[in-house]
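S.K.: As input, take input12.pdb (PDB, C-alpha atoms):
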```pdb
MODEL        1
ATOM      1  CA  MET A   1      95.025 153.433  66.011
ATOM      2  CA  GLY A   2      94.382 151.391  69.094
ATOM      3  CA  GLY A   3      92.431 148.166  68.633
ATOM      4  CA  MET A   4      93.445 147.892  64.973
ATOM      5  CA  THR A   5      94.297 144.475  63.579
ATOM      6  CA  GLU A   6      97.693 143.659  62.089
ATOM      7  CA  LEU A   7      95.994 143.142  58.732
ATOM      8  CA  ALA A   8      94.546 146.672  58.843
ATOM      9  CA  ARG A   9      97.919 148.141  59.834
ATOM     10  CA  SER A  10      99.558 146.330  56.953
ATOM     11  CA  GLU A  11      96.966 147.628  54.494
ATOM     12  CA  ILE A  12      97.426 151.187  55.794
ATOM     13  CA  LYS A  13     101.157 150.953  55.133
ATOM     14  CA  VAL A  14     100.551 149.811  51.556
ATOM     15  CA  LEU A  15      97.964 152.517  50.870
ATOM     16  CA  GLN A  16     100.051 155.236  52.492
ATOM     17  CA  SER A  17     103.052 154.186  50.421
ATOM     18  CA  GLN A  18     100.974 154.503  47.219
ATOM     19  CA  LEU A  19      99.618 157.898  48.247
ATOM     20  CA  VAL A  20     102.991 159.249  49.353
ATOM     21  CA  ARG A  21     104.538 158.267  46.018
ATOM     22  CA  ALA A  22     101.676 159.905  44.094
ATOM     23  CA  MET A  23     101.915 163.080  46.154
ATOM     24  CA  GLY A  24     105.709 163.124  45.936
ATOM     25  CA  ARG A  25     105.553 162.936  42.133
ATOM     26  CA  CYS A  26     103.041 165.777  41.952
ATOM     27  CA  ILE A  27     105.076 167.974  44.301
ATOM     28  CA  ALA A  28     108.277 167.265  42.375
ATOM     29  CA  ASP A  29     106.717 167.709  38.913
ATOM     30  CA  PHE A  30     105.317 171.158  39.690
ATOM     31  CA  ALA A  31     107.504 172.417  42.586
ATOM     32  CA  LEU A  32     104.430 172.666  44.807
ATOM     33  CA  VAL A  33     106.361 172.929  48.086
ATOM     34  CA  GLU A  34     109.644 174.826  48.349
ATOM     35  CA  PRO A  35     112.170 175.626  51.084
ATOM     36  CA  GLY A  36     110.839 178.155  53.578
ATOM     37  CA  ASP A  37     107.180 177.729  52.599
ATOM     38  CA  ARG A  38     104.450 178.109  55.176
ATOM     39  CA  VAL A  39     101.585 176.042  53.805
ATOM     40  CA  MET A  40      98.015 176.556  54.921
ATOM     41  CA  VAL A  41      96.344 173.148  54.640
ATOM     42  CA  CYS A  42      92.592 173.542  54.235
ATOM     43  CA  VAL A  43      90.839 170.864  56.289
ATOM     44  CA  SER A  44      87.141 170.613  55.467
ATOM     45  CA  GLY A  45      86.541 167.531  57.568
ATOM     46  CA  GLY A  46      86.243 165.257  54.526
ATOM     47  CA  LYS A  47      88.354 162.224  53.647
ATOM     48  CA  ASP A  48      90.501 164.096  51.113
ATOM     49  CA  SER A  49      91.630 166.924  53.374
ATOM     50  CA  TYR A  50      92.375 164.608  56.333
ATOM     51  CA  THR A  51      94.476 162.450  54.017
ATOM     52  CA  MET A  52      96.258 165.462  52.508
ATOM     53  CA  LEU A  53      97.190 166.867  55.923
ATOM     54  CA  THR A  54      98.423 163.486  57.172
ATOM     55  CA  LEU A  55     100.560 162.924  54.069
ATOM     56  CA  LEU A  56     101.938 166.471  54.019
ATOM     57  CA  GLU A  57     103.032 166.101  57.631
ATOM     58  CA  HIS A  58     104.733 162.820  56.676
ATOM     59  CA  PHE A  59     106.311 164.618  53.720
ATOM     60  CA  ARG A  60     107.469 167.497  55.953
ATOM     61  CA  ARG A  61     109.287 165.129  58.303
ATOM     62  CA  LYS A  62     111.055 163.353  55.414
ATOM     63  CA  ALA A  63     111.801 166.350  53.169
ATOM     64  CA  PRO A  64     115.438 167.461  52.709
ATOM     65  CA  PHE A  65     114.429 171.081  53.372
ATOM     66  CA  ASP A  66     112.405 172.968  55.968
ATOM     67  CA  PHE A  67     108.862 174.219  55.558
ATOM     68  CA  GLU A  68     105.869 174.725  57.861
ATOM     69  CA  LEU A  69     102.286 173.517  57.918
ATOM     70  CA  ILE A  70      99.254 175.095  59.523
ATOM     71  CA  ALA A  71      95.888 173.343  59.285
ATOM     72  CA  VAL A  72      92.865 175.635  58.891
ATOM     73  CA  HIS A  73      89.230 174.595  59.204
ATOM     74  CA  LEU A  74      86.317 176.883  58.365
ATOM     75  CA  ASP A  75      83.100 176.519  60.374
ATOM     76  CA  GLN A  76      80.447 177.893  57.985
ATOM     77  CA  GLN A  77      77.691 177.814  60.638
ATOM     78  CA  GLN A  78      75.603 175.158  58.916
ATOM     79  CA  PRO A  79      72.648 173.767  60.915
ATOM     80  CA  GLY A  80      73.636 170.663  62.841
ATOM     81  CA  TYR A  81      77.367 171.337  62.449
ATOM     82  CA  ASP A  82      79.494 169.744  65.154
ATOM     83  CA  GLY A  83      83.250 170.094  64.769
ATOM     84  CA  THR A  84      84.114 168.671  68.193
ATOM     85  CA  LYS A  85      85.734 165.482  66.869
ATOM     86  CA  LEU A  86      87.665 167.346  64.181
ATOM     87  CA  ARG A  87      89.036 169.825  66.731
ATOM     88  CA  ALA A  88      90.051 166.957  69.018
ATOM     89  CA  TRP A  89      91.776 165.188  66.113
ATOM     90  CA  LEU A  90      93.715 168.335  65.200
ATOM     91  CA  GLU A  91      94.802 168.817  68.800
ATOM     92  CA  ASP A  92      95.962 165.199  69.026
ATOM     93  CA  SER A  93      97.900 165.536  65.757
ATOM     94  CA  GLY A  94     100.222 168.137  67.245
ATOM     95  CA  ILE A  95     100.031 170.156  64.014
ATOM     96  CA  GLU A  96      99.548 173.914  64.329
ATOM     97  CA  HIS A  97      95.945 174.723  63.470
ATOM     98  CA  ARG A  98      93.229 177.376  63.466
ATOM     99  CA  ILE A  99      89.440 177.124  63.475
ATOM    100  CA  LEU A 100      87.749 179.980  61.602
ATOM    101  CA  ARG A 101      84.067 180.832  62.027
ATOM    102  CA  GLU A 102      82.130 182.665  59.341
ATOM    103  CA  ASP A 103      78.392 182.420  58.641
ATOM    104  CA  THR A 104      78.553 181.837  54.899
ATOM    105  CA  TYR A 105      75.656 179.371  55.147
ATOM    106  CA  SER A 106      73.051 182.104  55.677
ATOM    107  CA  VAL A 107      74.417 184.081  52.731
ATOM    108  CA  VAL A 108      74.187 181.043  50.444
ATOM    109  CA  VAL A 109      70.642 179.990  51.316
ATOM    110  CA  ARG A 110      69.471 183.615  51.181
ATOM    111  CA  ASN A 111      70.843 184.192  47.676
ATOM    112  CA  ILE A 112      70.386 180.821  45.937
ATOM    113  CA  PRO A 113      66.804 179.904  44.964
ATOM    114  CA  GLU A 114      65.508 176.610  46.306
ATOM    115  CA  GLY A 115      66.312 173.718  43.980
ATOM    116  CA  GLN A 116      69.474 175.280  42.547
ATOM    117  CA  THR A 117      72.944 174.121  43.527
ATOM    118  CA  TYR A 118      74.851 175.985  46.211
ATOM    119  CA  CYS A 119      78.392 175.036  45.207
ATOM    120  CA  SER A 120      79.387 178.063  43.139
ATOM    121  CA  LEU A 121      78.487 180.758  45.687
ATOM    122  CA  CYS A 122      79.525 178.604  48.646
ATOM    123  CA  SER A 123      82.980 177.965  47.186
ATOM    124  CA  ARG A 124      83.503 181.660  46.327
ATOM    125  CA  LEU A 125      82.635 182.748  49.850
ATOM    126  CA  ARG A 126      84.768 180.029  51.412
ATOM    127  CA  ARG A 127      87.668 180.865  49.108
ATOM    128  CA  GLY A 128      87.509 184.548  50.089
ATOM    129  CA  VAL A 129      87.637 183.730  53.801
ATOM    130  CA  LEU A 130      90.551 181.321  53.341
ATOM    131  CA  TYR A 131      92.494 183.715  51.090
ATOM    132  CA  ASN A 132      92.259 186.442  53.716
ATOM    133  CA  ALA A 133      93.224 184.039  56.480
ATOM    134  CA  ALA A 134      96.279 182.827  54.546
ATOM    135  CA  GLU A 135      97.548 186.384  54.232
ATOM    136  CA  GLN A 136      96.923 187.106  57.928
ATOM    137  CA  LEU A 137      98.704 183.892  58.974
ATOM    138  CA  GLY A 138     101.731 184.629  56.795
ATOM    139  CA  CYS A 139     101.220 181.616  54.521
ATOM    140  CA  THR A 140     102.999 181.343  51.172
ATOM    141  CA  LYS A 141     100.822 178.523  49.805
ATOM    142  CA  ILE A 142      97.271 177.227  50.278
ATOM    143  CA  ALA A 143      96.854 173.457  49.889
ATOM    144  CA  LEU A 144      93.531 172.006  48.687
ATOM    145  CA  GLY A 145      92.657 168.313  48.731
ATOM    146  CA  HIS A 146      91.484 167.767  45.139
ATOM    147  CA  HIS A 147      92.519 164.401  43.710
ATOM    148  CA  ARG A 148      92.805 162.645  40.340
ATOM    149  CA  ASP A 149      89.080 161.978  40.030
ATOM    150  CA  ASP A 150      88.208 165.617  40.781
ATOM    151  CA  ALA A 151      90.549 166.713  37.973
ATOM    152  CA  ILE A 152      89.045 164.232  35.513
ATOM    153  CA  GLU A 153      85.477 165.197  36.407
ATOM    154  CA  THR A 154      86.365 168.887  35.970
ATOM    155  CA  LEU A 155      87.838 168.096  32.560
ATOM    156  CA  MET A 156      84.585 166.384  31.559
ATOM    157  CA  LEU A 157      82.433 169.206  32.944
ATOM    158  CA  ASN A 158      84.403 171.760  30.911
ATOM    159  CA  LEU A 159      84.184 169.631  27.776
ATOM    160  CA  LEU A 160      80.447 169.011  28.056
ATOM    161  CA  TYR A 161      79.167 172.282  29.503
ATOM    162  CA  ALA A 162      81.770 175.021  28.936
ATOM    163  CA  GLY A 163      83.277 174.109  25.575
ATOM    164  CA  ALA A 164      86.764 174.334  27.066
ATOM    165  CA  LEU A 165      89.655 171.903  27.301
ATOM    166  CA  ALA A 166      90.624 172.650  30.896
ATOM    167  CA  SER A 167      90.855 170.998  34.291
ATOM    168  CA  MET A 168      92.289 171.753  37.748
ATOM    169  CA  PRO A 169      95.855 173.097  37.639
ATOM    170  CA  PRO A 170      98.227 171.687  40.269
ATOM    171  CA  LYS A 171      99.407 175.218  41.068
ATOM    172  CA  LEU A 172      97.715 178.555  40.449
ATOM    173  CA  ILE A 173      97.861 182.150  41.595
ATOM    174  CA  SER A 174      94.698 183.945  42.686
ATOM    175  CA  ARG A 175      93.245 186.737  40.553
ATOM    176  CA  ASP A 176      94.451 189.374  43.019
ATOM    177  CA  LYS A 177      97.933 187.778  43.014
ATOM    178  CA  ARG A 178      97.911 187.466  46.814
ATOM    179  CA  ASN A 179      97.800 183.679  47.123
ATOM    180  CA  VAL A 180      99.282 180.594  45.487
ATOM    181  CA  VAL A 181      97.030 177.525  45.601
ATOM    182  CA  ILE A 182      98.466 173.999  45.326
ATOM    183  CA  ARG A 183      96.826 170.590  44.903
ATOM    184  CA  PRO A 184      99.300 167.920  46.062
ATOM    185  CA  LEU A 185      96.870 164.986  45.625
ATOM    186  CA  LEU A 186      96.128 165.412  41.911
ATOM    187  CA  TYR A 187      97.862 162.120  41.033
ATOM    188  CA  ALA A 188      96.087 160.182  43.829
ATOM    189  CA  HIS A 189      93.082 157.913  43.178
ATOM    190  CA  GLU A 190      89.882 158.667  45.087
ATOM    191  CA  LYS A 191      89.262 154.984  45.880
ATOM    192  CA  VAL A 192      92.688 154.679  47.495
ATOM    193  CA  ILE A 193      92.087 157.848  49.520
ATOM    194  CA  ALA A 194      88.648 156.614  50.614
ATOM    195  CA  ARG A 195      89.993 153.267  51.826
ATOM    196  CA  TYR A 196      92.931 154.931  53.577
ATOM    197  CA  ALA A 197      90.603 157.388  55.351
ATOM    198  CA  GLU A 198      88.321 154.529  56.392
ATOM    199  CA  LEU A 199      91.173 152.528  57.906
ATOM    200  CA  MET A 200      92.665 155.608  59.580
ATOM    201  CA  ARG A 201      89.241 156.287  61.163
ATOM    202  CA  PHE A 202      89.272 159.979  60.389
ATOM    203  CA  PRO A 203      86.280 161.734  62.046
ATOM    204  CA  ILE A 204      84.496 162.718  58.835
ATOM    205  CA  LEU A 205      82.174 165.724  58.944
ATOM    206  CA  PRO A 206      79.171 165.517  56.590
ATOM    207  CA  CYS A 207      78.534 168.399  54.188
ATOM    208  CA  ASP A 208      74.803 168.880  54.642
ATOM    209  CA  LEU A 209      74.773 172.049  52.573
ATOM    210  CA  CYS A 210      75.603 170.552  49.172
ATOM    211  CA  GLY A 211      76.073 166.847  49.847
ATOM    212  CA  SER A 212      72.312 166.300  49.844
ATOM    213  CA  GLN A 213      71.852 167.764  46.358
ATOM    214  CA  GLU A 214      71.813 164.566  44.342
ATOM    215  CA  GLN A 215      71.471 166.178  40.913
ATOM    216  CA  LEU A 216      74.769 168.058  40.959
ATOM    217  CA  LYS A 217      76.408 167.875  37.547
ATOM    218  CA  ARG A 218      79.606 166.545  39.125
ATOM    219  CA  LYS A 219      77.727 163.547  40.515
ATOM    220  CA  GLN A 220      76.216 162.914  37.094
ATOM    221  CA  ILE A 221      79.680 163.060  35.529
ATOM    222  CA  LYS A 222      80.978 160.580  38.101
ATOM    223  CA  ARG A 223      78.232 158.161  37.112
ATOM    224  CA  LEU A 224      79.048 158.709  33.430
ATOM    225  CA  LEU A 225      82.724 157.912  34.059
ATOM    226  CA  ASN A 226      81.734 154.733  35.890
ATOM    227  CA  GLU A 227      79.711 153.716  32.840
ATOM    228  CA  LEU A 228      82.630 154.532  30.523
ATOM    229  CA  GLU A 229      84.870 152.230  32.543
ATOM    230  CA  THR A 230      82.573 149.308  31.712
ATOM    231  CA  ILE A 231      83.681 149.880  28.099
ATOM    232  CA  ALA A 232      87.256 151.087  28.717
ATOM    233  CA  PRO A 233      88.404 149.883  32.173
ATOM    234  CA  LYS A 234      91.415 152.256  32.163
ATOM    235  CA  ALA A 235      89.399 155.307  31.082
ATOM    236  CA  ARG A 236      90.244 157.426  34.132
ATOM    237  CA  GLU A 237      93.943 156.573  33.996
ATOM    238  CA  SER A 238      94.011 157.314  30.282
ATOM    239  CA  MET A 239      92.285 160.662  30.804
ATOM    240  CA  LEU A 240      94.741 161.645  33.526
ATOM    241  CA  GLY A 241      97.568 160.682  31.192
ATOM    242  CA  ALA A 242      96.004 162.784  28.413
ATOM    243  CA  MET A 243      96.169 165.885  30.591
ATOM    244  CA  GLY A 244      99.937 165.445  30.763
ATOM    245  CA  ASN A 245     100.376 164.371  27.141
ATOM    246  CA  ILE A 246      99.040 167.285  25.084
ATOM    247  CA  LYS A 247      99.295 167.172  21.293
ATOM    248  CA  ALA A 248      98.755 170.911  20.859
ATOM    249  CA  ALA A 249      98.934 170.943  17.050
ATOM    250  CA  HIS A 250      96.150 168.344  16.908
ATOM    251  CA  LEU A 251      93.639 170.607  18.652
ATOM    252  CA  LEU A 252      91.440 173.311  17.127
ATOM    253  CA  ASP A 253      92.623 176.394  19.019
ATOM    254  CA  ALA A 254      93.714 178.932  16.379
ATOM    255  CA  ARG A 255      95.183 181.179  19.076
ATOM    256  CA  LEU A 256      97.349 178.315  20.269
ATOM    257  CA  TRP A 257      98.549 177.641  16.722
ATOM    258  CA  LYS A 258      99.546 181.287  16.373
ATOM    259  CA  ALA A 259     101.270 181.341  19.765
ATOM    260  CA  LEU A 260     103.285 178.245  18.823
ATOM    261  CA  GLY A 261     104.018 179.537  15.319
ATOM    262  CA  LEU A 262     102.310 176.563  13.681
ATOM    263  CA  GLU A 263     101.276 176.549  10.052
ATOM    264  CA  VAL A 264     100.558 172.850   9.679
ATOM    265  CA  ALA A 265     100.416 169.884  12.045
ATOM    266  CA  GLU A 266     102.889 167.058  11.585
ATOM    267  CA  GLU A 267     101.539 163.554  11.263
ATOM    268  CA  LEU A 268     101.999 161.557  14.441
ATOM    269  CA  ASP A 269     103.494 158.100  14.632
ATOM    270  CA  ALA A 270     101.143 155.138  14.846
ATOM    271  CA  GLY A 271     100.031 154.591  18.416
ATOM    272  CA  GLU A 272     100.593 158.199  19.554
ATOM    273  CA  ILE A 273      96.979 159.146  19.020
ATOM    274  CA  ALA A 274      93.720 157.444  18.049
ATOM    275  CA  GLU A 275      92.389 158.557  14.657
ATOM    276  CA  PRO A 276      89.112 156.765  13.814
ATOM    277  CA  LEU A 277      89.530 156.602  10.019
ATOM    278  CA  ALA A 278      86.462 155.561   8.073
ATOM    279  CA  GLU A 279      87.794 152.129   7.196
ATOM    280  CA  ALA A 280      89.003 151.394  10.735
ATOM    281  CA  GLN A 281      86.493 153.250  12.887
ATOM    282  CA  ASP A 282      84.923 150.172  14.435
ATOM    283  CA  GLU A 283      88.263 148.659  15.365
ATOM    284  CA  VAL A 284      89.528 151.886  16.944
ATOM    285  CA  LEU A 285      86.405 152.339  19.007
ATOM    286  CA  ALA A 286      86.348 148.723  20.090
ATOM    287  CA  GLU A 287      89.956 148.725  21.246
ATOM    288  CA  PRO A 288      91.123 152.175  22.435
ATOM    289  CA  VAL A 289      94.785 153.060  22.151
ATOM    290  CA  ASN A 290      96.622 152.252  25.366
ATOM    291  CA  VAL A 291      98.178 155.494  26.597
ATOM    292  CA  GLN A 292      98.720 154.259  30.123
ATOM    293  CA  ARG A 293     102.469 154.637  29.626
ATOM    294  CA  SER A 294     102.076 158.409  29.728
ATOM    295  CA  ALA A 295      99.787 158.539  32.766
ATOM    296  CA  PRO A 296     101.350 159.911  35.953
ATOM    297  CA  THR A 297      99.789 157.009  37.860
ATOM    298  CA  ALA A 298     101.680 154.531  35.690
ATOM    299  CA  ARG A 299     105.132 156.046  36.022
ATOM    300  CA  SER A 300     107.804 154.040  37.762
ATOM    301  CA  GLY A 301     107.438 154.482  41.521
ATOM    302  CA  ALA A 302     110.675 156.239  42.377
ATOM    303  CA  VAL A 303     111.541 156.504  46.060
ATOM    304  CA  ILE A 304     110.177 159.787  47.398
ATOM    305  CA  GLY A 305     113.517 160.723  48.859
ATOM    306  CA  ARG A 306     115.162 160.619  45.420
ATOM    307  CA  ARG A 307     112.361 162.548  43.735
ATOM    308  CA  LEU A 308     112.497 165.265  46.384
ATOM    309  CA  GLN A 309     116.039 166.068  45.334
ATOM    310  CA  VAL A 310     114.728 167.708  42.156
ATOM    311  CA  LEU A 311     112.846 170.329  44.130
ATOM    312  CA  PRO A 312     114.438 173.778  44.109
TER     313      PRO A 312
ENDMDL
END
```
Show the structure stored in the file as structure tokens.

M.R.:
Amino acid sequence: MGGMTELARSEIKVLQSQLVRAMGRCIADFALVEPGDRVMVCVSGGKDSYTMLTLLEHFRRKAPFDFELIAVHLDQQQPGYDGTKLRAWLEDSGIEHRILREDTYSVVVRNIPEGQTYCSLCSRLRRGVLYNAAEQLGCTKIALGHHRDDAIETLMLNLLYAGALASMPPKLISRDKRNVVIRPLLYAHEKVIARYAELMRFPILPCDLCGSQEQLKRKQIKRLLNELETIAPKARESMLGAMGNIKAAHLLDARLWKALGLEVAEELDAGEIAEPLAEAQDEVLAEPVNVQRSAPTARSGAVIGRRLQVLP
């Protein structure tokens, strides 16, 4: 970070402290990293994965137990790709790393008609390569750099297009049961990550395959959320809190009712949930219930060292 001003260094410390606390809470809440793990950290060359690798290495040095990291980058043979700066950054970091090369680009453009989005096929192919690599490298976990905003946008996409109340789980096992995927940044705000990456001067690689497709539904959802925040400034924080504050009996999933042995839902206390009754609908809509208290981002910022003690 040569040539950086004292003001920039100070801001980096503040941002890194926020991100480390958010990541520490997520790791502790869901036991994402455990003693003896060998974690494959997927580094795409974007701001999120650089930040995740940097914070996980910080976490590894401070953790009260031993685990390993190996950074893995996949060169998908896209036209104009140049990973020189990323490779140099990885070498300078001192973190064990591998560069994989697989021409998934040709497969995607050959099979997806022009004008349609590439993300679905591209992600499946990339996931298959990384899953195989994790097994070959003896990794127990695969870390992906999805953050709070990704989770919220996925929730909205499922609500609007799939008719499902689902988002990104912090920890999942692959269909073939070979790999466990973790998302340590799910409590971290994208704006904080973006500013941190800017100040850290990470050598960002552009994604020319899908980044140029402006009509992706995810981008439209991001714009919709920005508009919602003009009405409810804490909308994203409230939505993140909602994902960790489920009122199962107040949803319409009959299978869930049966699984929980429910016959009737109990009335909730005032303030636990917004119910736009006919006589109060305007007031409820004009002033949404404040559920920030239940949002992970609004929890008290415990020192990461103390929170790590709850890990198995």

S.K.: Convert the output of the PyMOL selection byres ((chain A and resi 85) around 10) on the shown file into explicit residues, formatted as a PyMOL selection string.

M.R.: chain A and resi 45+82-84+86-91+202-205

S.K.: Restricting the calculation to all atoms listed in the file, which member of A:Gly46, A:Arg98, A:Tyr187, A:Leu74 is positioned closest to Ala28 in chain A?

M.R.: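 Ranking A:Gly46, A:Arg98, A:Tyr187, A:Leu74 by distance to Ala28 in chain A, first place goes to A:Tyr187.
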
S.K.: Need to verify the contact set: Leu100 in chain A, 10 Å, only C-alpha atoms, exclusion of same-chain residues closer than 5 positions in sequence. Can you return it as a PyMOL selection string?

M.R.: chain A and resi 72-76+129-130+133

S.K.: Might you pull out every residue within 12 Å of Thr104 in chain A, with all atoms listed in the file counted and same-chain residues fewer than 5 positions away left off, and present them as a list of chain:residue names?

M.R.: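 Listing them by chain and then by number gives A:Leu74, A:Asp75, A:Gln76, A:Gln77, A:Gln78, A:Pro79, A:Val109, A:Arg110, A:Asn111, A:Tyr118, A:Cys119, A:Leu121, A:Cys122, A:Ser123, A:Arg124, A:Leu125, A:Arg126, A:Arg127, A:Gly128, A:Val129, A:Leu209.
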
S.K.: Report the distance between CA of Cys42 in chain A and CA of Asn179 in chain A in Å, rounded to one decimal place.

M.R.: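 Interatomic distance, CA of Cys42 in chain A to CA of Asn179 in chain A: 13.4 Å.
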
S.K.: Let me make sure I understand: among A:Ile182, A:Met23, A:Ile112, A:Ile152, which one has the smallest atom-to-atom distance to Leu224 in chain A if we use all atoms listed in the file?

M.R.: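 Nearest to Leu224 in chain A: A:Ile152.
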
S.K.: Neighbours of range 140-143 of chain A within 7 Å (all atoms listed in the file; same-chain residues fewer than 3 positions away dropped), as a ChimeraX atom specification?

M.R.: /A:37-42,179-183

S.K.: Quick one: distance from CA of Asn158 in chain A to CA of Gly261 in chain A in Å, one decimal?

M.R.: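 It comes out at 26.2 Å.
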
S.K.: Padding 8 Å on each side, edges along x, y and z: where is the centre of the box around the listed atoms of range 132-138 of chain A, and how long are its edges in Å to one decimal? Output it as JSON.

M.R.:
```
{"center_x": 97.0, "center_y": 185.0, "center_z": 56.3, "size_x": 25.5, "size_y": 20.3, "size_z": 21.3}
```

S.K.: Go through the shown structure with the PyMOL selection byres ((chain A and resi 193-200) around 10) and write out the matching residues as a ChimeraX atom specification.

M.R.: /A:1,4,8-9,11-16,18-19,46-52,147,185,188-192,201-204

S.K.: Report as JSON, numbers by chain the full result of the PyMOL selection byres ((chain A and resi 168) around 7) when it is applied to this structure.

M.R.: {"A": [151, 154, 167, 169, 170]}

S.K.: If we count only C-alpha atoms and set the cut-off at 10 Å, which residues sit around Leu251 in chain A, ignoring sequence neighbours fewer than 5 positions away in its own chain? Please answer as a PyMOL selection string.

M.R.: chain A and resi 165+246+256-257+265

S.K.: Work out how far apart CA of Ser93 in chain A and CA of Ala71 in chain A are and give it in Å to one decimal.

M.R.: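 Taking CA of Ser93 in chain A and CA of Ala71 in chain A, their separation equals 10.3 Å.
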
S.K.: Nearest to Arg178 in chain A among A:Ala232, A:Cys139, A:Ile27, A:Leu157, with distances taken over only C-alpha atoms: which residue is it?

M.R.: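 Of the candidates, the smallest distance to Arg178 in chain A is held by A:Cys139.
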
S.K.: List the spatial neighbours of Tyr161 in chain A as a PyMOL selection string - criterion: any atom at most 12 Å away, all atoms listed in the file, same-chain residues fewer than 6 positions off excluded.

M.R.: chain A and resi 153-155+217-218+221

S.K.: Rebuild range 32-43 of chain A to N, CA and C atoms - output it as a compact mmCIF listing (two decimals), in the frame of the given file, please.

M.R.:
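Result file follows (part.txt):
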```txt
# COMPACT_ATOMS: atom_id res chain seq x y z
N LEU A 32 105.55 172.17 44.01
CA LEU A 32 104.43 172.67 44.81
C LEU A 32 104.87 173.18 46.18
N VAL A 33 105.87 172.52 46.77
CA VAL A 33 106.36 172.93 48.09
C VAL A 33 107.84 173.22 47.96
N GLU A 34 108.27 174.38 48.49
CA GLU A 34 109.64 174.83 48.35
C GLU A 34 110.22 175.21 49.71
N PRO A 35 111.54 175.27 49.80
CA PRO A 35 112.17 175.63 51.08
C PRO A 35 111.63 176.95 51.63
N GLY A 36 111.32 176.95 52.92
CA GLY A 36 110.84 178.16 53.58
C GLY A 36 109.35 178.40 53.46
N ASP A 37 108.63 177.55 52.74
CA ASP A 37 107.18 177.73 52.60
C ASP A 37 106.47 177.58 53.95
N ARG A 38 105.41 178.32 54.09
CA ARG A 38 104.45 178.11 55.18
C ARG A 38 103.13 177.80 54.49
N VAL A 39 102.72 176.54 54.58
CA VAL A 39 101.58 176.04 53.80
C VAL A 39 100.34 175.97 54.67
N MET A 40 99.30 176.67 54.26
CA MET A 40 98.02 176.56 54.92
C MET A 40 97.26 175.37 54.31
N VAL A 41 97.02 174.35 55.11
CA VAL A 41 96.34 173.15 54.64
C VAL A 41 94.87 173.26 55.01
N CYS A 42 94.02 173.37 54.00
CA CYS A 42 92.59 173.54 54.24
C CYS A 42 91.96 172.20 54.60
N VAL A 43 91.43 172.11 55.79
CA VAL A 43 90.84 170.86 56.29
C VAL A 43 89.33 171.06 56.41
```
